[in-house]
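Coordinates from my_file.cif are shown below (mmCIF, C-alpha atoms).
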```
data_my_file
loop_
_atom_site.label_atom_id
_atom_site.label_comp_id
_atom_site.auth_asym_id
_atom_site.auth_seq_id
_atom_site.Cartn_x
_atom_site.Cartn_y
_atom_site.Cartn_z
CA MET A 1 -72.08 -154.52 -74.48
CA ARG A 2 -69.58 -155.23 -71.71
CA VAL A 3 -69.76 -151.62 -70.54
CA GLN A 4 -73.56 -151.89 -70.41
CA GLU A 5 -73.27 -155.09 -68.42
CA SER A 6 -70.85 -153.42 -66.00
CA PHE A 7 -73.29 -150.53 -65.62
CA ARG A 8 -76.23 -152.87 -64.93
CA SER A 9 -74.19 -154.81 -62.38
CA SER A 10 -73.19 -151.56 -60.64
CA ILE A 11 -76.78 -150.28 -60.41
CA LYS A 12 -78.03 -153.67 -59.23
CA SER A 13 -75.42 -153.73 -56.49
CA LEU A 14 -76.26 -150.20 -55.33
CA PHE A 15 -79.99 -150.89 -55.06
CA HIS A 16 -79.37 -154.25 -53.42
CA ASN A 17 -77.48 -152.55 -50.56
CA LYS A 18 -79.60 -149.41 -50.12
CA LEU A 19 -78.58 -148.66 -46.53
CA ARG A 20 -74.89 -149.07 -47.30
CA SER A 21 -75.25 -146.90 -50.41
CA PHE A 22 -76.96 -144.15 -48.42
CA LEU A 23 -74.34 -144.25 -45.66
CA THR A 24 -71.63 -144.09 -48.33
CA MET A 25 -73.27 -141.01 -49.88
CA LEU A 26 -73.81 -139.31 -46.52
CA GLY A 27 -70.34 -137.77 -46.45
CA ILE A 28 -70.83 -136.33 -49.94
CA ILE A 29 -74.32 -135.05 -49.04
CA ILE A 30 -72.99 -133.28 -45.96
CA GLY A 31 -70.02 -131.91 -47.89
CA ILE A 32 -72.10 -130.45 -50.72
CA PHE A 33 -74.67 -129.12 -48.25
CA SER A 34 -71.90 -127.36 -46.30
CA VAL A 35 -70.33 -125.87 -49.43
CA ILE A 36 -73.66 -124.51 -50.72
CA MET A 37 -74.72 -123.14 -47.33
CA LEU A 38 -71.45 -121.40 -46.51
CA THR A 39 -70.89 -119.96 -49.98
CA SER A 40 -74.51 -118.75 -50.11
CA ILE A 41 -74.01 -116.96 -46.78
CA GLY A 42 -70.81 -115.39 -48.11
CA GLU A 43 -72.54 -114.34 -51.35
CA GLY A 44 -75.47 -112.98 -49.35
CA ILE A 45 -73.18 -110.82 -47.24
CA LYS A 46 -71.39 -109.64 -50.38
CA ASN A 47 -74.65 -108.71 -52.12
CA GLN A 48 -75.99 -106.96 -49.02
CA VAL A 49 -72.89 -104.84 -48.50
CA THR A 50 -72.69 -104.07 -52.21
CA SER A 51 -76.32 -102.96 -52.35
CA GLN A 52 -75.84 -100.74 -49.31
CA VAL A 53 -72.79 -99.04 -50.80
CA GLU A 54 -74.48 -98.65 -54.18
CA SER A 55 -77.64 -97.25 -52.53
CA LEU A 56 -75.68 -94.10 -51.65
CA GLY A 57 -75.07 -93.49 -55.34
CA ALA A 58 -72.15 -93.79 -57.73
CA ASN A 59 -71.12 -90.17 -57.27
CA LEU A 60 -69.53 -90.27 -53.81
CA LEU A 61 -65.92 -89.56 -52.89
CA TYR A 62 -64.36 -90.30 -49.51
CA ILE A 63 -61.42 -88.45 -48.00
CA PHE A 64 -59.48 -90.37 -45.35
CA PRO A 65 -56.55 -89.22 -43.24
CA GLY A 66 -53.20 -90.72 -44.18
CA LYS A 67 -52.30 -92.75 -47.25
CA VAL A 68 -54.75 -95.54 -48.06
CA GLU A 69 -54.43 -97.96 -50.99
CA LEU A 70 -57.39 -100.26 -51.61
CA VAL A 71 -56.22 -101.48 -55.04
CA PRO A 72 -52.55 -102.01 -56.02
CA ARG A 73 -51.19 -99.62 -58.61
CA ARG A 74 -50.18 -100.85 -62.05
CA GLY A 75 -46.86 -102.60 -61.82
CA GLN A 76 -47.01 -102.78 -58.03
CA SER A 77 -46.70 -106.20 -56.45
CA LYS A 78 -49.90 -107.53 -54.93
CA LEU A 79 -47.75 -108.52 -51.98
CA GLY A 80 -46.65 -104.93 -51.45
CA VAL A 81 -46.74 -103.66 -47.88
CA ARG A 82 -48.93 -100.73 -48.83
CA ASN A 83 -51.50 -102.78 -50.71
CA GLY A 84 -54.89 -102.49 -49.07
CA GLY A 85 -53.57 -100.70 -46.00
CA PHE A 86 -52.49 -97.46 -44.40
CA VAL A 87 -49.21 -95.60 -44.32
CA GLU A 88 -48.81 -94.20 -40.84
CA SER A 89 -49.58 -90.50 -40.81
CA LYS A 90 -50.97 -88.04 -38.31
CA ASN A 91 -54.59 -87.10 -38.88
CA THR A 92 -54.59 -83.52 -40.12
CA LEU A 93 -58.14 -83.35 -41.53
CA THR A 94 -60.22 -80.54 -40.06
CA TYR A 95 -63.70 -79.15 -40.50
CA ASN A 96 -62.14 -76.20 -42.30
CA ASP A 97 -61.31 -78.67 -45.10
CA VAL A 98 -65.02 -79.44 -45.36
CA LEU A 99 -65.89 -75.74 -45.57
CA ALA A 100 -63.19 -75.19 -48.19
CA LEU A 101 -64.77 -77.85 -50.44
CA LYS A 102 -68.39 -76.72 -50.18
CA GLY A 103 -69.82 -75.13 -53.32
CA LYS A 104 -66.81 -75.84 -55.52
CA THR A 105 -66.90 -77.02 -59.14
CA GLY A 106 -68.61 -80.38 -59.65
CA ILE A 107 -69.49 -80.75 -55.94
CA SER A 108 -73.09 -80.74 -54.70
CA ALA A 109 -72.60 -81.59 -51.02
CA VAL A 110 -69.80 -82.12 -48.49
CA SER A 111 -70.11 -83.58 -45.03
CA CYS A 112 -67.94 -85.26 -42.43
CA ILE A 113 -67.90 -87.66 -39.51
CA PHE A 114 -66.70 -86.56 -36.09
CA PRO A 115 -67.23 -89.43 -33.63
CA GLY A 116 -67.57 -88.85 -29.92
CA VAL A 117 -68.70 -90.37 -26.65
CA ASP A 118 -70.85 -88.34 -24.24
CA TRP A 119 -72.50 -88.92 -20.88
CA LEU A 120 -76.27 -89.33 -21.28
CA ASP A 121 -77.58 -88.06 -17.95
CA ASP A 122 -81.16 -89.29 -18.46
CA LEU A 123 -80.08 -92.94 -18.74
CA LYS A 124 -76.85 -92.60 -16.75
CA ILE A 125 -74.75 -94.19 -19.49
CA PHE A 126 -72.07 -93.19 -21.98
CA THR A 127 -73.50 -93.01 -25.48
CA SER A 128 -72.06 -92.74 -28.97
CA THR A 129 -72.54 -89.35 -30.64
CA THR A 130 -71.61 -88.19 -34.12
CA GLY A 131 -70.91 -84.66 -35.28
CA VAL A 132 -72.37 -83.87 -38.70
CA ASP A 133 -73.53 -80.84 -40.67
CA GLU A 134 -76.51 -80.01 -42.87
CA ASP A 135 -75.08 -81.81 -45.92
CA ASP A 136 -74.94 -85.15 -44.16
CA ALA A 137 -78.65 -85.70 -44.78
CA ILE A 138 -77.95 -85.37 -48.53
CA VAL A 139 -74.86 -87.56 -48.57
CA THR A 140 -76.06 -90.31 -46.22
CA LYS A 141 -79.74 -90.16 -47.27
CA PHE A 142 -81.30 -90.28 -43.82
CA ASN A 143 -85.01 -91.11 -43.58
CA LEU A 144 -86.78 -89.09 -40.90
CA LYS A 145 -89.80 -90.34 -38.95
CA TYR A 146 -90.47 -86.97 -37.31
CA GLY A 147 -89.01 -83.49 -37.59
CA ARG A 148 -86.06 -82.44 -39.71
CA PHE A 149 -82.29 -82.68 -39.94
CA ILE A 150 -79.68 -80.24 -38.62
CA ASN A 151 -79.61 -77.02 -40.69
CA LYS A 152 -76.87 -74.52 -41.53
CA ASN A 153 -77.92 -71.95 -38.89
CA GLU A 154 -77.70 -74.55 -36.11
CA ARG A 155 -74.29 -75.59 -37.37
CA VAL A 156 -72.99 -72.00 -37.59
CA ARG A 157 -74.39 -71.04 -34.18
CA LYS A 158 -73.13 -74.26 -32.59
CA GLU A 159 -76.58 -74.92 -31.16
CA ARG A 160 -77.33 -77.88 -28.93
CA ALA A 161 -79.75 -79.52 -31.37
CA ALA A 162 -80.02 -83.28 -31.87
CA VAL A 163 -81.31 -85.82 -34.34
CA ILE A 164 -81.79 -89.18 -32.60
CA GLY A 165 -82.26 -92.75 -33.81
CA ASP A 166 -85.47 -94.72 -33.37
CA GLN A 167 -84.10 -96.88 -30.53
CA ALA A 168 -82.65 -93.84 -28.76
CA ASN A 169 -86.09 -92.22 -28.95
CA LYS A 170 -87.69 -95.31 -27.41
CA GLU A 171 -85.25 -95.36 -24.51
CA LEU A 172 -85.41 -91.62 -23.87
CA PHE A 173 -89.06 -90.85 -24.67
CA LYS A 174 -90.78 -94.27 -24.88
CA GLY A 175 -91.05 -94.02 -28.66
CA LYS A 176 -93.39 -91.02 -28.69
CA ASN A 177 -93.03 -87.97 -30.94
CA SER A 178 -90.39 -86.11 -28.92
CA ILE A 179 -89.78 -83.18 -31.29
CA GLY A 180 -89.12 -80.08 -29.18
CA LYS A 181 -88.34 -82.07 -26.03
CA THR A 182 -84.93 -82.02 -24.37
CA PHE A 183 -82.51 -84.50 -22.85
CA LYS A 184 -79.22 -83.96 -21.06
CA LEU A 185 -75.74 -84.71 -22.35
CA ASN A 186 -72.85 -83.95 -19.99
CA GLY A 187 -75.26 -81.99 -17.80
CA LYS A 188 -76.50 -79.71 -20.61
CA ASP A 189 -79.88 -79.66 -22.38
CA TYR A 190 -80.10 -80.72 -26.02
CA LYS A 191 -83.27 -80.18 -28.03
CA VAL A 192 -84.65 -82.95 -30.25
CA ILE A 193 -85.28 -81.63 -33.77
CA GLY A 194 -85.52 -84.93 -35.66
CA ILE A 195 -86.13 -88.65 -35.17
CA LEU A 196 -84.85 -91.18 -37.70
CA GLN A 197 -86.91 -93.97 -39.16
CA TYR A 198 -86.17 -97.42 -37.74
CA VAL A 199 -83.48 -99.16 -39.77
CA LYS A 200 -83.25 -102.95 -39.82
CA PRO A 201 -79.85 -104.07 -38.47
CA GLU A 202 -79.01 -105.81 -41.76
CA ASN A 203 -79.79 -102.63 -43.71
CA LEU A 204 -77.37 -100.32 -41.95
CA GLY A 205 -75.26 -98.12 -44.15
CA PRO A 206 -71.54 -98.50 -44.88
CA GLN A 207 -70.57 -96.17 -42.02
CA GLY A 208 -71.08 -99.22 -39.83
CA ASP A 209 -72.87 -97.23 -37.10
CA ASP A 210 -76.16 -98.37 -35.64
CA MET A 211 -78.41 -95.50 -36.71
CA ASN A 212 -81.15 -96.69 -34.37
CA VAL A 213 -79.22 -95.79 -31.22
CA LYS A 214 -77.13 -92.95 -32.58
CA ILE A 215 -77.38 -89.29 -31.55
CA TYR A 216 -76.37 -86.78 -34.25
CA LEU A 217 -75.24 -83.30 -33.21
CA PRO A 218 -73.93 -80.24 -35.07
CA VAL A 219 -70.27 -80.93 -35.76
CA THR A 220 -69.27 -77.41 -34.71
CA GLU A 221 -70.89 -77.86 -31.29
CA MET A 222 -68.98 -81.09 -30.73
CA LEU A 223 -65.69 -79.63 -32.00
CA ASP A 224 -66.14 -76.59 -29.77
CA ARG A 225 -65.96 -78.72 -26.62
CA ALA A 226 -63.57 -81.40 -27.91
CA LYS A 227 -59.87 -81.49 -27.09
CA GLN A 228 -59.03 -83.27 -30.34
CA LYS A 229 -60.26 -81.22 -33.33
CA ASN A 230 -59.52 -83.58 -36.23
CA ILE A 231 -62.34 -85.28 -38.11
CA SER A 232 -62.16 -88.92 -39.11
CA GLN A 233 -63.67 -88.81 -42.59
CA ILE A 234 -64.99 -86.41 -45.24
CA MET A 235 -67.71 -87.41 -47.71
CA VAL A 236 -68.06 -85.51 -50.98
CA LYS A 237 -71.05 -85.91 -53.29
CA ALA A 238 -70.40 -85.02 -56.93
CA ALA A 239 -73.10 -83.20 -58.85
CA SER A 240 -73.69 -86.35 -60.92
CA ALA A 241 -72.13 -89.71 -61.73
CA GLN A 242 -70.66 -88.13 -64.89
CA SER A 243 -68.95 -85.35 -62.92
CA VAL A 244 -67.12 -87.61 -60.46
CA GLY A 245 -63.85 -87.07 -62.33
CA THR A 246 -64.24 -83.29 -62.18
CA ALA A 247 -65.18 -83.41 -58.50
CA GLU A 248 -62.19 -85.67 -57.73
CA LYS A 249 -59.79 -83.24 -59.44
CA THR A 250 -61.32 -80.31 -57.55
CA VAL A 251 -61.01 -82.16 -54.24
CA ARG A 252 -57.38 -83.13 -54.86
CA ASP A 253 -56.39 -79.62 -55.95
CA ILE A 254 -57.96 -77.99 -52.89
CA MET A 255 -56.69 -80.61 -50.44
CA LEU A 256 -53.14 -80.44 -51.83
CA LYS A 257 -53.10 -76.69 -51.19
CA ARG A 258 -54.07 -77.37 -47.58
CA HIS A 259 -52.10 -80.59 -46.94
CA ARG A 260 -49.27 -82.72 -48.23
CA ASP A 261 -50.32 -85.66 -50.40
CA ILE A 262 -49.33 -88.21 -47.71
CA GLU A 263 -51.76 -86.63 -45.23
CA PHE A 264 -54.94 -87.60 -47.05
CA THR A 265 -56.40 -90.06 -49.57
CA VAL A 266 -59.32 -89.59 -51.94
CA ILE A 267 -61.21 -92.77 -52.76
CA LYS A 268 -64.05 -93.09 -55.24
CA GLN A 269 -67.16 -95.08 -54.40
CA GLN A 270 -66.35 -97.59 -57.14
CA ASP A 271 -62.83 -98.16 -55.75
CA MET A 272 -64.29 -98.85 -52.33
CA LEU A 273 -66.89 -101.19 -53.80
CA THR A 274 -64.19 -103.07 -55.73
CA ALA A 275 -62.10 -103.49 -52.58
CA ILE A 276 -65.10 -104.69 -50.57
CA ASN A 277 -66.03 -107.20 -53.28
CA ASN A 278 -62.44 -108.49 -53.37
CA ILE A 279 -62.33 -108.97 -49.61
CA LEU A 280 -65.76 -110.62 -49.42
CA GLY A 281 -64.93 -112.76 -52.47
CA ILE A 282 -61.88 -114.12 -50.65
CA LEU A 283 -64.03 -114.71 -47.55
CA THR A 284 -66.62 -116.63 -49.59
CA ALA A 285 -63.92 -118.74 -51.27
CA GLY A 286 -62.39 -119.45 -47.86
CA LEU A 287 -65.73 -120.59 -46.45
CA GLY A 288 -66.26 -122.83 -49.47
CA GLY A 289 -62.74 -124.25 -49.10
CA ILE A 290 -63.33 -125.10 -45.45
CA ALA A 291 -66.58 -126.84 -46.33
CA ALA A 292 -64.88 -128.73 -49.17
CA ILE A 293 -62.75 -130.57 -46.60
CA SER A 294 -65.88 -132.52 -45.64
CA LEU A 295 -66.11 -133.64 -49.28
CA LEU A 296 -62.67 -135.21 -48.95
CA VAL A 297 -63.85 -137.00 -45.83
CA GLY A 298 -66.86 -138.21 -47.83
CA GLY A 299 -64.51 -139.44 -50.54
CA ILE A 300 -62.50 -141.43 -48.03
CA GLY A 301 -65.79 -142.94 -46.85
CA ILE A 302 -66.59 -144.01 -50.41
CA MET A 303 -63.18 -145.65 -50.75
CA ASN A 304 -63.54 -147.55 -47.48
CA ILE A 305 -67.03 -148.81 -48.33
CA MET A 306 -65.91 -149.81 -51.81
CA LEU A 307 -62.96 -151.76 -50.35
CA VAL A 308 -65.37 -153.62 -48.09
CA SER A 309 -67.62 -154.22 -51.10
CA VAL A 310 -64.71 -155.70 -53.07
CA THR A 311 -63.98 -158.10 -50.21
CA GLU A 312 -67.63 -159.16 -49.87
CA ARG A 313 -68.14 -159.56 -53.62
CA THR A 314 -64.97 -161.52 -54.39
CA ARG A 315 -66.95 -164.58 -55.57
CA GLU A 316 -69.15 -162.39 -57.81
CA ILE A 317 -66.02 -160.95 -59.41
CA GLY A 318 -64.68 -164.46 -59.96
CA VAL A 319 -67.92 -165.57 -61.65
CA ARG A 320 -67.92 -162.52 -63.96
CA LYS A 321 -64.30 -163.15 -64.95
CA ALA A 322 -65.03 -166.84 -65.51
CA ILE A 323 -67.78 -166.05 -68.02
CA GLY A 324 -65.61 -163.65 -70.01
CA ALA A 325 -65.33 -160.32 -68.16
CA ASN A 326 -61.82 -158.86 -68.32
CA ARG A 327 -59.99 -156.52 -65.95
CA ARG A 328 -61.31 -153.44 -67.76
CA ASP A 329 -64.92 -154.59 -67.27
CA ILE A 330 -64.45 -155.09 -63.53
CA LEU A 331 -62.59 -151.77 -63.24
CA ILE A 332 -65.42 -149.93 -65.00
CA GLN A 333 -68.08 -151.66 -62.87
CA PHE A 334 -66.63 -150.55 -59.55
CA LEU A 335 -65.66 -147.13 -60.86
CA ILE A 336 -69.24 -146.55 -62.05
CA GLU A 337 -70.48 -147.45 -58.57
CA ALA A 338 -68.17 -144.90 -56.93
CA VAL A 339 -69.04 -142.14 -59.42
CA PHE A 340 -72.75 -142.91 -59.20
CA LEU A 341 -72.64 -142.66 -55.41
CA SER A 342 -70.85 -139.30 -55.68
CA ILE A 343 -73.30 -137.88 -58.21
CA ILE A 344 -76.43 -138.98 -56.35
CA GLY A 345 -74.94 -137.78 -53.06
CA GLY A 346 -73.99 -134.50 -54.72
CA LEU A 347 -77.51 -133.94 -56.08
CA LEU A 348 -79.09 -134.74 -52.70
CA GLY A 349 -76.61 -132.44 -50.96
CA LEU A 350 -77.32 -129.74 -53.55
CA ALA A 351 -81.07 -129.97 -52.97
CA ALA A 352 -80.54 -129.81 -49.21
CA GLY A 353 -78.10 -126.90 -49.52
CA ILE A 354 -80.37 -124.79 -51.75
CA SER A 355 -83.37 -125.50 -49.50
CA GLY A 356 -81.35 -124.62 -46.42
CA ALA A 357 -80.05 -121.41 -48.00
CA ARG A 358 -83.59 -120.31 -48.83
CA LEU A 359 -84.98 -121.20 -45.40
CA LEU A 360 -82.15 -119.70 -43.33
CA PRO A 361 -83.22 -116.02 -43.72
CA SER A 362 -86.73 -116.88 -42.51
CA VAL A 363 -85.28 -118.40 -39.32
CA PHE A 364 -82.52 -115.79 -38.88
CA PRO A 365 -83.69 -112.57 -40.62
CA MET A 366 -80.31 -110.88 -40.08
CA ILE A 367 -78.62 -113.48 -42.30
CA HIS A 368 -78.92 -112.98 -46.06
CA THR A 369 -78.11 -115.78 -48.48
CA ALA A 370 -77.62 -115.97 -52.24
CA VAL A 371 -76.94 -119.28 -54.00
CA SER A 372 -74.10 -118.92 -56.47
CA PHE A 373 -74.48 -120.83 -59.75
CA THR A 374 -70.69 -121.01 -59.98
CA ALA A 375 -70.47 -122.54 -56.49
CA VAL A 376 -73.10 -125.13 -57.47
CA LEU A 377 -71.16 -126.19 -60.58
CA ILE A 378 -67.83 -126.32 -58.73
CA ALA A 379 -69.36 -128.34 -55.87
CA LEU A 380 -70.91 -130.91 -58.24
CA LEU A 381 -67.71 -131.16 -60.30
CA PHE A 382 -65.68 -131.60 -57.13
CA ALA A 383 -68.06 -134.35 -55.96
CA LEU A 384 -67.62 -136.13 -59.30
CA LEU A 385 -63.83 -135.88 -59.08
CA VAL A 386 -63.93 -137.18 -55.50
CA GLY A 387 -65.89 -140.22 -56.70
CA VAL A 388 -63.41 -140.91 -59.50
CA PHE A 389 -60.31 -140.32 -57.36
CA PHE A 390 -61.37 -142.40 -54.38
CA GLY A 391 -63.04 -145.05 -56.53
CA VAL A 392 -59.98 -145.87 -58.64
CA TYR A 393 -58.06 -147.81 -55.97
CA PRO A 394 -60.90 -150.18 -54.97
CA ALA A 395 -61.78 -150.65 -58.65
CA ARG A 396 -58.19 -151.55 -59.56
CA LEU A 397 -58.01 -153.90 -56.59
CA ALA A 398 -61.16 -155.67 -57.78
CA SER A 399 -59.93 -155.90 -61.37
CA LYS A 400 -56.67 -157.57 -60.32
CA LEU A 401 -58.34 -160.45 -58.46
CA ASP A 402 -57.40 -163.89 -59.79
CA PRO A 403 -60.62 -165.55 -61.06
CA ILE A 404 -59.70 -168.99 -59.69
CA GLU A 405 -58.87 -167.63 -56.24
CA ALA A 406 -62.04 -165.50 -56.38
CA LEU A 407 -64.23 -168.54 -57.16
CA ARG A 408 -62.76 -170.42 -54.21
CA SER A 409 -63.73 -167.55 -51.91
CA GLU A 410 -66.71 -168.05 -49.62
#
```
Could I get this structure in the form of structure tokens?
Amino acid sequence: MRVQESFRSSIKSLFHNKLRSFLTMLGIIIGIFSVIMLTSIGEGIKNQVTSQVESLGANLLYIFPGKVELVPRRGQSKLGVRNGGFVESKNTLTYNDVLALKGKTGISAVSCIFPGVDWLDDLKIFTSTTGVDEDDAIVTKFNLKYGRFINKNERVRKERAAVIGDQANKELFKGKNSIGKTFKLNGKDYKVIGILQYVKPENLGPQGDDMNVKIYLPVTEMLDRAKQKNISQIMVKAASAQSVGTAEKTVRDIMLKRHRDIEFTVIKQQDMLTAINNILGILTAGLGGIAAISLLVGGIGIMNIMLVSVTERTREIGVRKAIGANRRDILIQFLIEAVFLSIIGGLLGLAAGISGARLLPSVFPMIHTAVSFTAVLIALLFALLVGVFFGVYPARLASKLDPIEALRSE
């Protein structure tokens, strides 16, 4: 019965001072809102990147120059220098490595990336170009608006053929069908054979290049005029998801015959996805942790308001003790008030956070959000703990008041 009376007294006090109660909850509301918003942005980025990597299929292998370790080996310290990084090594990958892998057991396609910068005479600017071969359309899954992709004959003959992005086509040819037309790079004519479909900035592939402004050329043509002949990355597509192991063994065997094991690293798509998820998971947790600081500020606000409340309600405490309430009853009363403020503030902050997370993509389409159920539970639990932690001191202070001195208080 005494607990029920303490609860009724707490609720009565909260509704009697509505403005004060709302101002007390404001810190918690803002804290929960911040946690939900920031973690939802982090989860949205994680889901977007994951979907883009997975969209290329589960049967991809990547060959990078040097020694790369995305996941620590068994028994290796997670604080190891080589964990998640590179061991310095000269890039020895060449296009001949790509040719050596084509058509081998378990492999359906092999392509590469050879980045470059060329002078675009028509616009009088330097532009980013990428050397690829005919298999890149299979590996990267380009969508063409007009024309076709680079073929084997153009690669072998080192022809000046080009596949351009949608934005590049708009700047060069005002967005019209420019198949068969030419533009100048470094003073030489290049023929447009394909135009890529427009790709939304948030839907760009894991290569990280803006496909809309990119110009793709036969890799052999770019290598022929380049001083540096090494390629930056090789992509291998296994015949199926089940044959990834066979393809990986084939790749390692061939590459080891051509290089030392410290000169290259083979990474499976799943390994890369795991590493990305780990990194983005840490980022999301960090964002949530930063936002959680505002919850602590809200907790301090609750404590301060409750201390003021104890001072203002000294006579009320004296009356309750005079009619039989003990220290435990007073302690519970004020503790219930603090917890109730935290829970209500948490629920209001949660509603605001979820609403904000859902509305944000409509205001900023490039930002993707995804509300995490785990983040919601942790945020609400943290708000409850904040209420208990910061409500204990004012509650104890109230429970220790001498009833006679309290009744004398005005």
How far is it from CA of Leu380 (chain A) to CA of Lys46 (chain A), in Å with one decimal? 22.7 Å
Pairwise distance for CA of Phe183 (chain A) and CA of Glu221 (chain A), rounded to one decimal in Å: 15.8 Å
Run through the PyMOL selection byres ((chain A and resi 44) around 9) on the given coordinates and return the selected residues as a PyMOL selection string. chain A and resi 39-43+45-49+367-371
Print the selection's residues with C-alpha atoms to a file, as a PDB file, in the frame of the given file.
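File produced: again_4.pdb:
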```
ATOM      1  CA  THR A  39     -70.890-119.960 -49.980  1.00  0.00           C
ATOM      2  CA  SER A  40     -74.510-118.750 -50.110  1.00  0.00           C
ATOM      3  CA  ILE A  41     -74.010-116.960 -46.780  1.00  0.00           C
ATOM      4  CA  GLY A  42     -70.810-115.390 -48.110  1.00  0.00           C
ATOM      5  CA  GLU A  43     -72.540-114.340 -51.350  1.00  0.00           C
ATOM      6  CA  ILE A  45     -73.180-110.820 -47.240  1.00  0.00           C
ATOM      7  CA  LYS A  46     -71.390-109.640 -50.380  1.00  0.00           C
ATOM      8  CA  ASN A  47     -74.650-108.710 -52.120  1.00  0.00           C
ATOM      9  CA  GLN A  48     -75.990-106.960 -49.020  1.00  0.00           C
ATOM     10  CA  VAL A  49     -72.890-104.840 -48.500  1.00  0.00           C
ATOM     11  CA  ILE A 367     -78.620-113.480 -42.300  1.00  0.00           C
ATOM     12  CA  HIS A 368     -78.920-112.980 -46.060  1.00  0.00           C
ATOM     13  CA  THR A 369     -78.110-115.780 -48.480  1.00  0.00           C
ATOM     14  CA  ALA A 370     -77.620-115.970 -52.240  1.00  0.00           C
ATOM     15  CA  VAL A 371     -76.940-119.280 -54.000  1.00  0.00           C
TER      16      VAL A 371
END
```
Can you measure CA of Val35 (chain A) to CA of Pro394 (chain A) for me? One decimal in Å is fine. 26.7 Å
Mind telling me what the PyMOL selection byres ((chain A and resi 227-230) around 8) catches here, as a PDB file with C-alpha atoms, keeping the file's coordinate frame?
```pdb
ATOM      1  CA  ASN A  91     -54.590 -87.100 -38.880  1.00  0.00           C
ATOM      2  CA  THR A  92     -54.590 -83.520 -40.120  1.00  0.00           C
ATOM      3  CA  LEU A  93     -58.140 -83.350 -41.530  1.00  0.00           C
ATOM      4  CA  THR A  94     -60.220 -80.540 -40.060  1.00  0.00           C
ATOM      5  CA  TYR A  95     -63.700 -79.150 -40.500  1.00  0.00           C
ATOM      6  CA  PHE A 114     -66.700 -86.560 -36.090  1.00  0.00           C
ATOM      7  CA  LEU A 223     -65.690 -79.630 -32.000  1.00  0.00           C
ATOM      8  CA  ARG A 225     -65.960 -78.720 -26.620  1.00  0.00           C
ATOM      9  CA  ALA A 226     -63.570 -81.400 -27.910  1.00  0.00           C
ATOM     10  CA  ILE A 231     -62.340 -85.280 -38.110  1.00  0.00           C
ATOM     11  CA  SER A 232     -62.160 -88.920 -39.110  1.00  0.00           C
TER      12      SER A 232
END
```
Proximity to Leu283 (chain A) - best of A:Gly356, A:Ile193, A:Leu172, A:Leu38, all atoms listed in the file: A:Leu38
Write out as a VMD selection string which residues come within 8 Å of region 104-112 of chain A when counting all atoms listed in the file, dropping same-chain ones fewer than 6 positions away. chain A and resid 95 98 131 to 136 138 to 139 231 to 240 243 to 244 246 to 247 250
Please provide the set of residues having any atom within 12 Å of Leu26 (chain A), restricted to only C-alpha atoms, with same-chain residues fewer than 6 positions apart removed, written as a ChimeraX atom specification. /A:19-20,32-33,294-295,297-302,305,341-349,352
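Nearest to Glu248 (chain A) of all the residues A:Leu60, A:Leu359, A:Met25, A:Met37 is A:Leu60, counting only C-alpha atoms.
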Kindly resolve the PyMOL selection byres ((chain A and resi 100) around 10) on the present coordinates and return the residues as a list in words.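 Against this file, the PyMOL selection byres ((chain A and resi 100) around 10) returns the residues Tyr95, Asn96, Asp97, Val98, Leu99, Leu101, Lys102, Gly103, Lys104, Val110, Val251, Ile254, Met255 and Arg258 of chain A.
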Residue nearest Gly187 (chain A) among A:Ile215, A:Leu120, A:Leu381, A:Met272 (counting only C-alpha atoms):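 The answer is A:Leu120, which sits nearest to Gly187 (chain A).
Shortest separation to Lys152 (chain A) among A:Pro218, A:Gln197, A:Glu337, A:Thr127 occurs at residue A:Pro218, atoms counted being only C-alpha atoms.
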